[in-house]
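*Asks:* So that you have it, the file is start-v9.txt, and it contains compact mmCIF, N, CA and C atoms:
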```txt
# COMPACT_ATOMS: atom_id res chain seq x y z
N MET C 44 0.83 -1.17 0.00
CA MET C 44 0.00 0.00 0.00
C MET C 44 0.89 1.25 0.00
N SER C 45 1.31 1.64 -1.13
CA SER C 45 2.11 2.85 -1.22
C SER C 45 1.18 4.05 -1.42
N THR C 46 1.61 5.18 -0.93
CA THR C 46 0.80 6.38 -1.09
C THR C 46 1.25 7.13 -2.33
N SER C 47 0.31 7.56 -3.09
CA SER C 47 0.65 8.32 -4.29
C SER C 47 0.59 9.81 -3.96
N LYS C 48 1.14 10.59 -4.84
CA LYS C 48 1.18 12.03 -4.61
C LYS C 48 -0.19 12.67 -4.82
N SER C 49 -1.11 11.96 -5.45
CA SER C 49 -2.42 12.53 -5.71
C SER C 49 -3.33 12.45 -4.49
N GLN C 50 -2.97 11.65 -3.49
CA GLN C 50 -3.81 11.52 -2.30
C GLN C 50 -3.59 12.72 -1.39
N TRP C 51 -4.66 13.08 -0.70
CA TRP C 51 -4.59 14.21 0.22
C TRP C 51 -3.97 13.76 1.53
N ALA C 52 -3.10 14.56 2.07
CA ALA C 52 -2.50 14.30 3.38
C ALA C 52 -2.57 15.60 4.17
N PRO C 53 -2.91 15.53 5.46
CA PRO C 53 -3.00 16.76 6.24
C PRO C 53 -1.63 17.43 6.34
N GLU C 54 -1.68 18.74 6.25
CA GLU C 54 -0.44 19.51 6.31
C GLU C 54 0.14 19.50 7.72
N HIS C 55 -0.74 19.51 8.68
CA HIS C 55 -0.31 19.60 10.08
C HIS C 55 -1.20 18.67 10.89
N GLU C 56 -0.63 17.62 11.45
CA GLU C 56 -1.41 16.70 12.27
C GLU C 56 -1.38 17.15 13.71
N ASP C 57 -2.55 17.20 14.33
CA ASP C 57 -2.64 17.59 15.73
C ASP C 57 -2.53 16.35 16.61
N THR C 58 -1.49 16.29 17.39
CA THR C 58 -1.35 15.23 18.37
C THR C 58 -1.71 15.81 19.73
N ALA C 59 -1.80 14.97 20.73
CA ALA C 59 -2.13 15.45 22.08
C ALA C 59 -1.06 16.41 22.58
N TYR C 60 0.19 16.12 22.25
CA TYR C 60 1.29 16.96 22.70
C TYR C 60 1.23 18.34 22.05
N THR C 61 0.96 18.41 20.75
CA THR C 61 0.88 19.71 20.09
C THR C 61 -0.33 20.51 20.57
N LYS C 62 -1.42 19.81 20.86
CA LYS C 62 -2.59 20.51 21.41
C LYS C 62 -2.29 21.09 22.78
N LEU C 63 -1.53 20.33 23.61
CA LEU C 63 -1.16 20.83 24.94
C LEU C 63 -0.24 22.03 24.82
N LEU C 64 0.71 22.00 23.90
CA LEU C 64 1.60 23.14 23.70
C LEU C 64 0.85 24.36 23.20
N GLN C 65 -0.11 24.16 22.32
CA GLN C 65 -0.92 25.27 21.83
C GLN C 65 -1.75 25.88 22.96
N LYS C 66 -2.34 25.03 23.78
CA LYS C 66 -3.14 25.52 24.91
C LYS C 66 -2.26 26.24 25.93
N ALA C 67 -1.03 25.76 26.11
CA ALA C 67 -0.11 26.40 27.04
C ALA C 67 0.28 27.79 26.56
N ARG C 68 0.41 27.95 25.23
CA ARG C 68 0.71 29.28 24.70
C ARG C 68 -0.46 30.23 24.86
N GLU C 69 -1.68 29.71 24.69
CA GLU C 69 -2.87 30.56 24.78
C GLU C 69 -3.15 30.96 26.23
N SER C 70 -3.07 30.01 27.14
CA SER C 70 -3.31 30.30 28.56
C SER C 70 -2.29 29.52 29.39
N PRO C 71 -1.31 30.22 29.92
CA PRO C 71 -0.18 29.55 30.57
C PRO C 71 -0.53 28.88 31.89
N PHE C 72 -1.69 29.10 32.43
CA PHE C 72 -2.03 28.48 33.71
C PHE C 72 -2.63 27.08 33.56
N VAL C 73 -2.89 26.65 32.33
CA VAL C 73 -3.39 25.28 32.11
C VAL C 73 -2.33 24.26 32.51
N PRO C 74 -1.08 24.39 32.06
CA PRO C 74 -0.08 23.42 32.52
C PRO C 74 0.20 23.51 34.01
N VAL C 75 0.05 24.70 34.59
CA VAL C 75 0.24 24.85 36.03
C VAL C 75 -0.84 24.06 36.76
N GLY C 76 -2.08 24.15 36.31
CA GLY C 76 -3.17 23.38 36.93
C GLY C 76 -2.98 21.89 36.76
N LEU C 77 -2.57 21.48 35.57
CA LEU C 77 -2.33 20.05 35.34
C LEU C 77 -1.17 19.54 36.19
N GLY C 78 -0.11 20.31 36.28
CA GLY C 78 1.04 19.91 37.08
C GLY C 78 0.72 19.82 38.55
N SER C 79 -0.03 20.79 39.06
CA SER C 79 -0.39 20.75 40.47
C SER C 79 -1.34 19.60 40.76
N PHE C 80 -2.24 19.30 39.83
CA PHE C 80 -3.15 18.17 39.99
C PHE C 80 -2.36 16.86 40.08
N VAL C 81 -1.41 16.67 39.18
CA VAL C 81 -0.60 15.45 39.18
C VAL C 81 0.24 15.37 40.45
N THR C 82 0.78 16.50 40.90
CA THR C 82 1.59 16.51 42.12
C THR C 82 0.78 16.12 43.34
N VAL C 83 -0.42 16.67 43.47
CA VAL C 83 -1.26 16.36 44.63
C VAL C 83 -1.68 14.89 44.61
N VAL C 84 -2.03 14.39 43.44
CA VAL C 84 -2.43 12.98 43.35
C VAL C 84 -1.25 12.06 43.67
N ALA C 85 -0.06 12.40 43.18
CA ALA C 85 1.12 11.59 43.48
C ALA C 85 1.43 11.62 44.98
N TYR C 86 1.32 12.79 45.58
CA TYR C 86 1.57 12.91 47.02
C TYR C 86 0.52 12.13 47.82
N GLY C 87 -0.72 12.17 47.38
CA GLY C 87 -1.78 11.40 48.04
C GLY C 87 -1.54 9.91 47.95
N LEU C 88 -1.05 9.45 46.80
CA LEU C 88 -0.71 8.03 46.66
C LEU C 88 0.48 7.67 47.53
N TYR C 89 1.42 8.58 47.67
CA TYR C 89 2.58 8.34 48.53
C TYR C 89 2.15 8.21 50.00
N LEU C 90 1.21 9.03 50.41
CA LEU C 90 0.73 8.99 51.80
C LEU C 90 -0.26 7.86 52.06
N LEU C 91 -0.62 7.15 51.04
CA LEU C 91 -1.62 6.09 51.17
C LEU C 91 -1.18 5.02 52.17
N LYS C 92 0.10 4.69 52.18
CA LYS C 92 0.59 3.66 53.10
C LYS C 92 0.51 4.11 54.55
N GLY C 93 0.81 5.35 54.80
CA GLY C 93 0.87 5.84 56.18
C GLY C 93 -0.39 6.54 56.63
N ARG C 94 -1.53 6.14 56.14
CA ARG C 94 -2.76 6.83 56.50
C ARG C 94 -3.29 6.41 57.86
N GLY C 95 -2.71 5.37 58.46
CA GLY C 95 -3.15 4.94 59.80
C GLY C 95 -4.52 4.31 59.77
N LYS C 96 -5.37 4.74 60.68
CA LYS C 96 -6.71 4.16 60.81
C LYS C 96 -7.75 4.88 59.96
N MET C 97 -7.32 5.85 59.17
CA MET C 97 -8.26 6.59 58.32
C MET C 97 -8.81 5.65 57.24
N LYS C 98 -10.10 5.75 57.00
CA LYS C 98 -10.71 4.93 55.96
C LYS C 98 -10.18 5.32 54.59
N MET C 99 -10.13 4.34 53.73
CA MET C 99 -9.64 4.57 52.36
C MET C 99 -10.49 5.60 51.64
N SER C 100 -11.80 5.52 51.78
CA SER C 100 -12.68 6.45 51.07
C SER C 100 -12.45 7.88 51.54
N LEU C 101 -12.24 8.07 52.82
CA LEU C 101 -11.99 9.41 53.36
C LEU C 101 -10.66 9.96 52.85
N HIS C 102 -9.65 9.11 52.79
CA HIS C 102 -8.36 9.53 52.27
C HIS C 102 -8.47 9.94 50.80
N LEU C 103 -9.20 9.16 50.01
CA LEU C 103 -9.37 9.49 48.60
C LEU C 103 -10.17 10.77 48.40
N ILE C 104 -11.16 10.99 49.24
CA ILE C 104 -11.95 12.23 49.16
C ILE C 104 -11.07 13.44 49.44
N HIS C 105 -10.21 13.34 50.47
CA HIS C 105 -9.33 14.46 50.80
C HIS C 105 -8.33 14.71 49.67
N THR C 106 -7.81 13.65 49.08
CA THR C 106 -6.87 13.81 47.97
C THR C 106 -7.56 14.45 46.77
N ARG C 107 -8.77 14.01 46.46
CA ARG C 107 -9.51 14.57 45.33
C ARG C 107 -9.82 16.05 45.56
N MET C 108 -10.21 16.40 46.77
CA MET C 108 -10.52 17.80 47.06
C MET C 108 -9.28 18.69 46.96
N ALA C 109 -8.14 18.19 47.41
CA ALA C 109 -6.91 18.97 47.30
C ALA C 109 -6.52 19.16 45.84
N ALA C 110 -6.65 18.11 45.04
CA ALA C 110 -6.32 18.21 43.62
C ALA C 110 -7.26 19.19 42.92
N GLN C 111 -8.54 19.12 43.22
CA GLN C 111 -9.50 20.04 42.61
C GLN C 111 -9.24 21.48 43.05
N ALA C 112 -8.84 21.66 44.29
CA ALA C 112 -8.53 23.01 44.78
C ALA C 112 -7.36 23.61 44.01
N CYS C 113 -6.36 22.79 43.71
CA CYS C 113 -5.22 23.28 42.93
C CYS C 113 -5.64 23.69 41.52
N VAL C 114 -6.49 22.90 40.90
CA VAL C 114 -6.94 23.23 39.55
C VAL C 114 -7.83 24.48 39.56
N VAL C 115 -8.72 24.58 40.52
CA VAL C 115 -9.58 25.77 40.61
C VAL C 115 -8.73 27.01 40.90
N GLY C 116 -7.72 26.86 41.73
CA GLY C 116 -6.81 27.98 42.00
C GLY C 116 -6.08 28.43 40.75
N ALA C 117 -5.64 27.48 39.95
CA ALA C 117 -4.95 27.83 38.70
C ALA C 117 -5.90 28.51 37.73
N ILE C 118 -7.14 28.05 37.67
CA ILE C 118 -8.14 28.69 36.80
C ILE C 118 -8.41 30.11 37.27
N THR C 119 -8.51 30.30 38.58
CA THR C 119 -8.76 31.63 39.13
C THR C 119 -7.60 32.57 38.84
N LEU C 120 -6.37 32.07 39.03
CA LEU C 120 -5.20 32.90 38.71
C LEU C 120 -5.15 33.24 37.23
N GLY C 121 -5.47 32.28 36.37
CA GLY C 121 -5.48 32.53 34.94
C GLY C 121 -6.52 33.56 34.54
N THR C 122 -7.70 33.46 35.12
CA THR C 122 -8.76 34.43 34.82
C THR C 122 -8.38 35.82 35.30
N THR C 123 -7.81 35.89 36.50
CA THR C 123 -7.38 37.18 37.04
C THR C 123 -6.28 37.79 36.17
N TYR C 124 -5.34 36.97 35.74
CA TYR C 124 -4.26 37.45 34.88
C TYR C 124 -4.81 37.95 33.54
N THR C 125 -5.74 37.21 32.97
CA THR C 125 -6.33 37.61 31.69
C THR C 125 -7.10 38.92 31.84
N MET C 126 -7.87 39.05 32.92
CA MET C 126 -8.61 40.30 33.15
C MET C 126 -7.65 41.47 33.34
N TYR C 127 -6.58 41.24 34.08
CA TYR C 127 -5.59 42.30 34.29
C TYR C 127 -4.97 42.70 32.96
N LYS C 128 -4.62 41.72 32.15
CA LYS C 128 -3.98 41.99 30.87
C LYS C 128 -4.94 42.72 29.92
N ASP C 129 -6.22 42.31 29.93
CA ASP C 129 -7.18 42.91 29.00
C ASP C 129 -7.67 44.28 29.43
N TYR C 130 -7.90 44.47 30.73
CA TYR C 130 -8.55 45.69 31.18
C TYR C 130 -7.61 46.70 31.84
N MET C 131 -6.48 46.26 32.34
CA MET C 131 -5.58 47.19 33.00
C MET C 131 -4.44 47.63 32.08
N LEU C 132 -3.93 46.72 31.28
CA LEU C 132 -2.79 47.07 30.42
C LEU C 132 -3.20 47.67 29.09
N LYS C 133 -4.28 47.19 28.49
CA LYS C 133 -4.70 47.70 27.19
C LYS C 133 -5.17 49.15 27.23
N PRO C 134 -5.93 49.60 28.23
CA PRO C 134 -6.34 51.01 28.23
C PRO C 134 -5.15 51.97 28.29
N SER C 135 -4.09 51.60 28.99
CA SER C 135 -2.95 52.50 29.04
C SER C 135 -2.23 52.58 27.70
N THR C 136 -2.19 51.50 26.95
CA THR C 136 -1.59 51.56 25.62
C THR C 136 -2.49 52.32 24.65
N ASP C 137 -3.83 52.25 24.85
CA ASP C 137 -4.75 53.01 24.00
C ASP C 137 -4.59 54.51 24.23
N ARG C 138 -4.36 54.92 25.48
CA ARG C 138 -4.17 56.35 25.79
C ARG C 138 -2.88 56.87 25.19
N ALA C 139 -1.86 56.02 25.16
CA ALA C 139 -0.57 56.45 24.61
C ALA C 139 -0.66 56.66 23.10
N GLN C 140 -1.53 55.94 22.42
CA GLN C 140 -1.67 56.07 20.97
C GLN C 140 -2.43 57.32 20.59
N LYS C 141 -3.28 57.87 21.46
CA LYS C 141 -4.08 59.05 21.14
C LYS C 141 -3.32 60.31 21.24
```
Take the structure in this file and express it as structure tokens.

*Replies:*
Amino acid sequence: MSTSKSQWAPEHEDTAYTKLLQKARESPFVPVGLGSFVTVVAYGLYLLKGRGKMKMSLHLIHTRMAAQACVVGAITLGTTYTMYKDYMLKPSTDRAQK
């Protein structure tokens, strides 16, 4: 099955990695949220052995809540940064142009 030159081939294939890089360029707090989520989950798994008498379900709930808090915090920081960039920095550049 050889490909001929007359067949259409996509110029740019989107892989998961290229999509992540594109998203990171558009909003830099997405990788921060993903990284913090992975870190909290890894730390929760590390503490799994030494949880003592705590029930497994309670430990997993606490780990999930901590991971979600990191992601929500990253989203909040990203939104605040975007609002600052759009509403605080752009008006000053508009005044300088007039």

*Asks:* One decimal, in Å: what's the spacing between atom N of Leu91 in chain C and CA of Leu103 in chain C?

*Replies:* 9.4 Å

*Asks:* Distance CA of Thr122 in chain C-atom C of Ile104 in chain C, one decimal place?

*Replies:*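 We find that CA of Thr122 in chain C and atom C of Ile104 in chain C lie 25.7 Å from each other.
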
*Asks:* Going by DSSP on the backbone, which residues of chain C come out as helix (DSSP H, G or I)? List them as number ranges by chain.

*Replies:* C: 59-69, 72-89, 99-140

*Asks:* In terms of the shortest atom-to-atom distance over only C-alpha atoms, which of C:Ala59, C:Val73, C:Ala67, C:Met131 is closest to Val115 in chain C?

*Replies:* C:Val73

*Asks:* Which distance in Å separates atom C of Met97 in chain C and atom C of Ala109 in chain C, to one decimal?

*Replies:*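 Pair atom C of Met97 in chain C / atom C of Ala109 in chain C returns 17.8 Å.
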
*Asks:* With only C-alpha atoms as the atoms that count, which of C:Pro74, C:Leu101, C:Thr106, C:Thr123 lies nearest to Tyr89 in chain C?

*Replies:* C:Thr106

*Asks:* I need the residue nearest Gly76 in chain C from this list: C:Leu88, C:Val114, C:Met108, C:Met126. Use only N, CA and C atoms for the distance.

*Replies:*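 Checking each of C:Leu88, C:Val114, C:Met108, C:Met126 against Gly76 in chain C, counting only N, CA and C atoms, the winner is C:Val114.
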
*Asks:* Counting all atoms listed in the file, figure out which residue out of C:Ala117, C:Ala112, C:Ala85, C:Leu132 gets nearest to Pro71 in chain C.

*Replies:*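 Looking only at the distances to Pro71 in chain C, the closest residue turns out to be C:Ala117.
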